[in-house]
Every structure is written in structure tokens, then in C-alpha cells.
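Chemist: Structure supplied as target_13.pdb; contents: PDB, C-alpha atoms, pLDDT in the B column.
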```pdb
ATOM      1  CA  MET A 280       5.451  71.956-218.013  1.00 52.00           C
ATOM      2  CA  ALA A 281       2.358  69.858-218.717  1.00 54.00           C
ATOM      3  CA  VAL A 282       1.397  66.822-216.628  1.00 53.00           C
ATOM      4  CA  ASN A 283      -0.638  63.889-217.854  1.00 53.00           C
ATOM      5  CA  PHE A 284      -2.998  62.454-215.179  1.00 53.00           C
ATOM      6  CA  THR A 285      -5.225  60.233-217.319  1.00 54.00           C
ATOM      7  CA  SER A 286      -2.993  57.317-218.226  1.00 53.00           C
ATOM      8  CA  THR A 287      -2.435  54.356-215.940  1.00 52.00           C
ATOM      9  CA  ARG A 288       0.581  52.207-215.712  1.00 52.00           C
ATOM     10  CA  ASP A 289      -0.568  48.833-214.538  1.00 51.00           C
ATOM     11  CA  GLY A 290      -4.273  48.755-215.382  1.00 55.00           C
ATOM     12  CA  LEU A 291      -5.293  48.680-211.695  1.00 58.00           C
ATOM     13  CA  GLY A 292      -6.379  52.268-211.701  1.00 58.00           C
ATOM     14  CA  LYS A 293      -3.275  53.666-210.031  1.00 60.00           C
ATOM     15  CA  PRO A 294      -2.239  57.003-211.533  1.00 63.00           C
ATOM     16  CA  ALA A 295       0.940  56.918-213.526  1.00 64.00           C
ATOM     17  CA  ARG A 296       3.977  58.956-212.636  1.00 73.00           C
ATOM     18  CA  TYR A 297       4.157  62.531-213.687  1.00 73.00           C
ATOM     19  CA  ARG A 298       5.517  62.760-217.214  1.00 74.00           C
ATOM     20  CA  PRO A 299       6.842  66.157-218.225  1.00 75.00           C
ATOM     21  CA  MET A 300       6.074  67.398-221.675  1.00 74.00           C
ATOM     22  CA  SER A 301       9.267  67.362-223.735  1.00 77.00           C
ATOM     23  CA  ASP A 302       8.295  70.031-226.301  1.00 79.00           C
ATOM     24  CA  ILE A 303      10.294  73.248-226.265  1.00 81.00           C
ATOM     25  CA  ASN A 304       8.336  76.483-226.376  1.00 83.00           C
ATOM     26  CA  VAL A 305      10.236  78.668-228.881  1.00 86.00           C
ATOM     27  CA  THR A 306       7.822  81.598-228.844  1.00 88.00           C
ATOM     28  CA  PRO A 307       9.691  83.597-226.147  1.00 88.00           C
ATOM     29  CA  MET A 308      12.995  83.019-227.944  1.00 89.00           C
ATOM     30  CA  VAL A 309      11.524  84.239-231.254  1.00 92.00           C
ATOM     31  CA  ASP A 310      10.109  87.309-229.512  1.00 93.00           C
ATOM     32  CA  VAL A 311      13.504  88.185-228.046  1.00 93.00           C
ATOM     33  CA  MET A 312      15.243  87.677-231.395  1.00 93.00           C
ATOM     34  CA  LEU A 313      12.752  89.933-233.184  1.00 94.00           C
ATOM     35  CA  VAL A 314      13.252  92.662-230.600  1.00 93.00           C
ATOM     36  CA  LEU A 315      17.033  92.400-230.997  1.00 93.00           C
ATOM     37  CA  LEU A 316      16.676  92.517-234.785  1.00 92.00           C
ATOM     38  CA  VAL A 317      14.658  95.731-234.587  1.00 91.00           C
ATOM     39  CA  ILE A 318      17.152  97.288-232.169  1.00 89.00           C
ATOM     40  CA  PHE A 319      20.106  96.478-234.427  1.00 87.00           C
ATOM     41  CA  MET A 320      18.274  97.711-237.535  1.00 87.00           C
ATOM     42  CA  ILE A 321      17.682 101.056-235.863  1.00 84.00           C
ATOM     43  CA  THR A 322      21.120 101.516-234.288  1.00 81.00           C
ATOM     44  CA  ALA A 323      23.363 100.238-237.128  1.00 77.00           C
ATOM     45  CA  PRO A 324      22.964 103.322-239.376  1.00 71.00           C
ATOM     46  CA  LEU A 325      23.651 105.593-236.409  1.00 69.00           C
ATOM     47  CA  LEU A 326      27.041 103.964-235.797  1.00 66.00           C
ATOM     48  CA  THR A 327      28.433 104.919-239.231  1.00 59.00           C
ATOM     49  CA  VAL A 328      27.816 108.646-238.986  1.00 56.00           C
ATOM     50  CA  GLY A 329      30.979 110.636-239.548  1.00 64.00           C
ATOM     51  CA  VAL A 330      31.861 114.291-239.558  1.00 67.00           C
ATOM     52  CA  PRO A 331      29.320 116.149-241.737  1.00 71.00           C
ATOM     53  CA  VAL A 332      31.238 117.406-244.761  1.00 70.00           C
ATOM     54  CA  ASP A 333      29.789 118.634-248.061  1.00 71.00           C
ATOM     55  CA  LEU A 334      32.251 117.070-250.519  1.00 68.00           C
ATOM     56  CA  PRO A 335      33.050 118.511-253.956  1.00 70.00           C
ATOM     57  CA  GLN A 336      32.140 116.399-256.997  1.00 72.00           C
ATOM     58  CA  THR A 337      34.430 114.738-259.543  1.00 72.00           C
ATOM     59  CA  ARG A 338      34.287 112.075-262.278  1.00 70.00           C
ATOM     60  CA  ALA A 339      37.481 110.303-261.140  1.00 68.00           C
ATOM     61  CA  PRO A 340      37.317 106.491-260.732  1.00 66.00           C
ATOM     62  CA  SER A 341      36.876 104.877-257.326  1.00 64.00           C
ATOM     63  CA  ILE A 342      39.825 103.685-255.269  1.00 60.00           C
ATOM     64  CA  ASN A 343      39.640 100.003-254.388  1.00 61.00           C
ATOM     65  CA  ASP A 344      41.807  99.677-251.287  1.00 54.00           C
ATOM     66  CA  PRO A 345      41.152  96.620-249.079  1.00 53.00           C
ATOM     67  CA  LYS A 346      42.638  98.248-245.955  1.00 67.00           C
ATOM     68  CA  GLU A 347      40.713 100.839-244.030  1.00 70.00           C
ATOM     69  CA  PRO A 348      42.594 104.125-244.394  1.00 74.00           C
ATOM     70  CA  LEU A 349      42.953 106.973-241.957  1.00 82.00           C
ATOM     71  CA  VAL A 350      40.524 109.754-242.799  1.00 86.00           C
ATOM     72  CA  ILE A 351      41.185 113.399-242.011  1.00 88.00           C
ATOM     73  CA  SER A 352      38.102 115.604-242.333  1.00 88.00           C
ATOM     74  CA  ILE A 353      37.929 119.395-242.511  1.00 88.00           C
ATOM     75  CA  ASP A 354      34.443 120.758-241.871  1.00 87.00           C
ATOM     76  CA  SER A 355      32.921 123.995-243.123  1.00 85.00           C
ATOM     77  CA  LYS A 356      34.323 125.924-240.126  1.00 86.00           C
ATOM     78  CA  GLY A 357      37.869 124.716-240.825  1.00 85.00           C
ATOM     79  CA  ASP A 358      38.041 122.343-237.843  1.00 87.00           C
ATOM     80  CA  VAL A 359      40.207 119.253-238.389  1.00 89.00           C
ATOM     81  CA  TYR A 360      39.045 115.754-237.426  1.00 89.00           C
ATOM     82  CA  LEU A 361      41.099 112.553-237.386  1.00 87.00           C
ATOM     83  CA  GLN A 362      38.588 109.758-238.059  1.00 84.00           C
ATOM     84  CA  ASN A 363      35.688 111.118-235.937  1.00 82.00           C
ATOM     85  CA  SER A 364      37.554 112.953-233.183  1.00 85.00           C
ATOM     86  CA  LYS A 365      38.419 116.648-233.329  1.00 87.00           C
ATOM     87  CA  ILE A 366      42.127 117.416-233.250  1.00 86.00           C
ATOM     88  CA  GLU A 367      44.296 120.493-233.389  1.00 88.00           C
ATOM     89  CA  ALA A 368      46.188 120.857-236.675  1.00 83.00           C
ATOM     90  CA  SER A 369      49.459 121.223-234.779  1.00 84.00           C
ATOM     91  CA  ASP A 370      48.990 117.775-233.180  1.00 86.00           C
ATOM     92  CA  LEU A 371      47.986 116.032-236.419  1.00 85.00           C
ATOM     93  CA  GLY A 372      51.453 114.911-237.575  1.00 84.00           C
ATOM     94  CA  ALA A 373      52.401 113.389-234.238  1.00 86.00           C
ATOM     95  CA  ARG A 374      49.072 111.574-233.914  1.00 87.00           C
ATOM     96  CA  LEU A 375      49.360 110.129-237.425  1.00 85.00           C
ATOM     97  CA  ILE A 376      52.876 108.855-236.720  1.00 85.00           C
ATOM     98  CA  ALA A 377      51.683 107.257-233.469  1.00 85.00           C
ATOM     99  CA  ILE A 378      48.622 105.615-235.044  1.00 84.00           C
ATOM    100  CA  THR A 379      50.469 104.194-238.059  1.00 82.00           C
ATOM    101  CA  ASN A 380      53.587 103.171-236.090  1.00 81.00           C
ATOM    102  CA  ASN A 381      55.646 105.494-238.313  1.00 79.00           C
ATOM    103  CA  ASN A 382      54.609 103.663-241.512  1.00 79.00           C
ATOM    104  CA  PRO A 383      55.143 106.139-244.398  1.00 78.00           C
ATOM    105  CA  ASN A 384      53.110 103.903-246.762  1.00 78.00           C
ATOM    106  CA  ALA A 385      49.873 104.167-244.752  1.00 82.00           C
ATOM    107  CA  SER A 386      46.923 105.389-246.839  1.00 81.00           C
ATOM    108  CA  ILE A 387      45.546 108.715-245.645  1.00 85.00           C
ATOM    109  CA  TYR A 388      42.450 110.343-247.139  1.00 87.00           C
ATOM    110  CA  VAL A 389      41.616 114.018-246.725  1.00 88.00           C
ATOM    111  CA  ARG A 390      37.949 115.093-246.865  1.00 86.00           C
ATOM    112  CA  GLY A 391      37.490 118.842-247.187  1.00 85.00           C
ATOM    113  CA  ASP A 392      34.160 120.659-247.191  1.00 84.00           C
ATOM    114  CA  LYS A 393      33.678 122.520-250.464  1.00 81.00           C
ATOM    115  CA  ALA A 394      32.806 125.718-248.565  1.00 83.00           C
ATOM    116  CA  ILE A 395      36.301 126.133-247.064  1.00 85.00           C
ATOM    117  CA  ASP A 396      39.174 127.711-248.941  1.00 84.00           C
ATOM    118  CA  TYR A 397      41.707 125.585-250.768  1.00 83.00           C
ATOM    119  CA  GLY A 398      44.513 126.919-248.580  1.00 86.00           C
ATOM    120  CA  ARG A 399      43.147 125.192-245.461  1.00 86.00           C
ATOM    121  CA  VAL A 400      43.062 121.833-247.264  1.00 85.00           C
ATOM    122  CA  MET A 401      46.610 122.363-248.540  1.00 88.00           C
ATOM    123  CA  GLN A 402      47.758 123.322-245.045  1.00 88.00           C
ATOM    124  CA  VAL A 403      46.450 120.014-243.656  1.00 88.00           C
ATOM    125  CA  MET A 404      47.956 118.057-246.565  1.00 87.00           C
ATOM    126  CA  GLY A 405      51.269 119.825-245.927  1.00 88.00           C
ATOM    127  CA  ILE A 406      51.205 118.743-242.280  1.00 88.00           C
ATOM    128  CA  VAL A 407      50.558 115.149-243.346  1.00 87.00           C
ATOM    129  CA  SER A 408      53.302 115.280-245.978  1.00 86.00           C
ATOM    130  CA  SER A 409      55.825 116.845-243.594  1.00 87.00           C
ATOM    131  CA  ALA A 410      55.106 114.012-241.122  1.00 86.00           C
ATOM    132  CA  GLY A 411      56.567 111.645-243.737  1.00 85.00           C
ATOM    133  CA  PHE A 412      53.463 110.144-245.334  1.00 84.00           C
ATOM    134  CA  ASN A 413      53.488 109.793-249.109  1.00 81.00           C
ATOM    135  CA  LYS A 414      50.081 108.188-249.815  1.00 80.00           C
ATOM    136  CA  VAL A 415      47.739 111.134-249.302  1.00 83.00           C
ATOM    137  CA  SER A 416      44.542 111.354-251.362  1.00 81.00           C
ATOM    138  CA  LEU A 417      41.602 113.737-251.555  1.00 82.00           C
ATOM    139  CA  ILE A 418      38.046 112.418-251.315  1.00 80.00           C
ATOM    140  CA  ALA A 419      35.228 113.752-253.519  1.00 76.00           C
ATOM    141  CA  GLU A 420      31.753 112.710-254.726  1.00 74.00           C
ATOM    142  CA  LEU A 421      30.497 111.726-258.161  1.00 68.00           C
ATOM    143  CA  PRO A 422      28.396 114.434-259.840  1.00 71.00           C
ATOM    144  CA  GLY A 423      24.685 113.909-259.313  1.00 63.00           C
ATOM    145  CA  ALA A 424      25.215 111.616-256.329  1.00 60.00           C
ATOM    146  CA  THR A 425      23.261 112.302-253.181  1.00 56.00           C
ATOM    147  CA  PRO A 426      25.573 113.770-250.533  1.00 53.00           C
ATOM    148  CA  THR A 427      26.329 111.474-247.599  1.00 52.00           C
ATOM    149  CA  ASN A 428      29.012 111.295-244.981  1.00 50.00           C
ATOM    150  CA  ASN A 429      30.313 107.861-246.012  1.00 47.00           C
ATOM    151  CA  ARG A 430      31.203 108.060-249.711  1.00 45.00           C
ATOM    152  CA  THR A 431      33.505 105.814-251.669  1.00 43.00           C
ATOM    153  CA  PRO A 432      36.873 107.586-251.834  1.00 47.00           C
ATOM    154  CA  ARG A 433      37.844 109.120-255.170  1.00 47.00           C
ATOM    155  CA  ARG A 434      41.195 110.577-256.193  1.00 45.00           C
TER
END
```
Using C-alpha cells, write down the structure that the file contains.
Modeler:
Amino acid sequence: MAVNFTSTRDGLGKPARYRPMSDINVTPMVDVMLVLLVIFMITAPLLTVGVPVDLPQTRAPSINDPKEPLVISIDSKGDVYLQNSKIEASDLGARLIAITNNNPNASIYVRGDKAIDYGRVMQVMGIVSSAGFNKVSLIAELPGATPTNNRTPRR
């Protein structure tokens, strides 16, 4: 806060009252906002990392579904993941029923690493189908696309 000592009030030489400066110093606020911006720019890409799966490629059109589906991933070792958490294949049907509140029309996407055998993917799809879900789709990549963990789903 700045104080002005030079002005007088009544012309008799008596110092005037202290008058605080009414300007707001925004520099500290800008510094904090820039630090927060840098922190969020660094951490945001780390929050979207999923299970690393090398998807097969296809030329099928993209699925435009406004709801976020449940994603089942099968990695190169054959381990099954529901969203980002590892799960036993025997528990998969019960967990899907609990998450979707027994909604057979819930969209479920299966991501299978191209290094695993087709039988493992079909086993997981069979578990999902036997749990009563009828909207099960496979996810793949477009040919020539750079492999990432968060691809647009393709049927």
C-alpha cells in the first residue's frame, strides 16, 4: 500500500490523512495463473493414458456414439482390463452387469492387441455376450495411422 505525504488538506501545512493507493497489483495473480496453466498442460495428457494395446488396422468408418462406452482391453499377454483396471475374465460378466445396471443395450467396445490369438478375443466377447449384452464392437485403427492408446472406435 502506498501512502502520500506531500499533499495538504487545509493549506496550513498540516499533513493530510493517509490515503491508500487503490490500484490492484495483478502481477502475483498472473504469475499463479501461468504456473497453473503449465501444470495442467503437463498433467492433462498423462490422465488419458489407457492400457497399452497395439490395435489391428481397418478401413471401416468411425462410430459416432455420443455416450462414453465401456471399453474392455486385452493386452499382448492376454490380460483383460475393464476401462483401466485389470480384471479376471471370470468376473467380467458380473462387473459389466453391475456397472450398466443390467442394461443390455449398453455399448461395449473390445480392444484386442494384434499379437494375441483370435480365440482370446472371442472368449472375452463370448463372456460379454453371455452376460446379456448385444451391442459389442471391436476397436481397430485406420491403416497408416500412428498407434496410440486412445483411438476413435471403428467397427
Chemist: Any idea what the distance is between atom CA of Ile418 of chain A and atom CA of Ala377 of chain A?
Modeler: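 Pair atom CA of Ile418 of chain A / atom CA of Ala377 of chain A returns 23.0 Å.
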Chemist: Nearest to Ser352 of chain A: which of A:Val309, A:Leu316, A:Ile321, A:Ala419 is it, counting all atoms listed in the file?
Modeler: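 Checking each of A:Val309, A:Leu316, A:Ile321, A:Ala419 against Ser352 of chain A, counting all atoms listed in the file, the winner is A:Ala419.
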Chemist: Could you tell me which of A:Met404, A:Val332, A:Leu315, A:Ile303 comes closest to Gly372 of chain A if we count only C-alpha atoms?
Modeler: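 Comparing A:Met404, A:Val332, A:Leu315, A:Ile303 against Gly372 of chain A, the winner is A:Met404.
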Chemist: One number please: atom CA of Gly391 of chain A to atom CA of Asn363 of chain A, in Å, one decimal.
Modeler: 13.8 Å
Chemist: Would you list the residues near (30.6, 121.2, -257.2), meaning any protein, DNA or RNA residue with an atom at most 8 Å from that point in file coordinates, counting only C-alpha atoms, as a list in words?
Modeler: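 All residues meeting the 8 Å criterion around (30.6, 121.2, -257.2) are Pro335, Gln336, Thr337, Lys393 and Pro422 of chain A.
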Chemist: Env of Glu347 of chain A: 10 Å cut, atoms = all atoms listed in the file, seq-sep filter 3 positions within chain, self excluded. Answer as JSON, numbers by chain.
Modeler: {"A": [344, 350, 385, 386, 387]}
Chemist: Pull out every residue that the PyMOL selection byres ((chain A and resi 407) around 10) matches in the shown coordinates and put them as a list in words.
Modeler: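 Residues picked by the PyMOL selection byres ((chain A and resi 407) around 10): Ile351, Ala368, Leu371, Gly372, Ala373, Leu375, Ile376, Ile387, Val389, Met401, Gln402, Val403, Met404, Gly405, Ile406, Ser408, Ser409, Ala410, Gly411, Phe412, Asn413, Lys414 and Val415 of chain A.
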Chemist: Would you mind reading off the distance between atom CA of Ile378 of chain A and atom CA of Leu361 of chain A, one decimal, in Å?
Modeler: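 Distance between the two atoms: 10.5 Å.
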Chemist: Between A:Val314, A:Asn381, A:Leu417, A:Asp392, which is the closest to Val359 of chain A once you count only C-alpha atoms?
Modeler: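 With only C-alpha atoms as the atom set, the closest residue is A:Asp392.
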Chemist: Rank A:Asp333, A:Asp370, A:Asp302, A:Asp396 by their smallest atom-to-atom distance to Gly357 of chain A, using only C-alpha atoms, and report the top residue only.
Modeler: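 Residue with the minimum atom-to-atom distance to Gly357 of chain A: A:Asp396.
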Chemist: How big is the axis-aligned box around the listed atoms of segment 368-387 of chain A once 6 Å is added on each side, and where is its centre? Give both in Å to one decimal, as AutoDock Vina command-line options.
Modeler:
```
--center_x 50.6 --center_y 112.2 --center_z -240.0 --size_x 22.1 --size_y 30.1 --size_z 25.7
```
Chemist: From the list A:Pro299, A:Leu349, A:Ser355, A:Thr306, which residue is nearest Arg374 of chain A when using all atoms listed in the file?
Modeler: A:Leu349
Chemist: For Thr379 of chain A, which of A:Leu313, A:Ile353, A:Asp358, A:Pro348 is the closest residue, counting only C-alpha atoms?
Modeler: A:Pro348
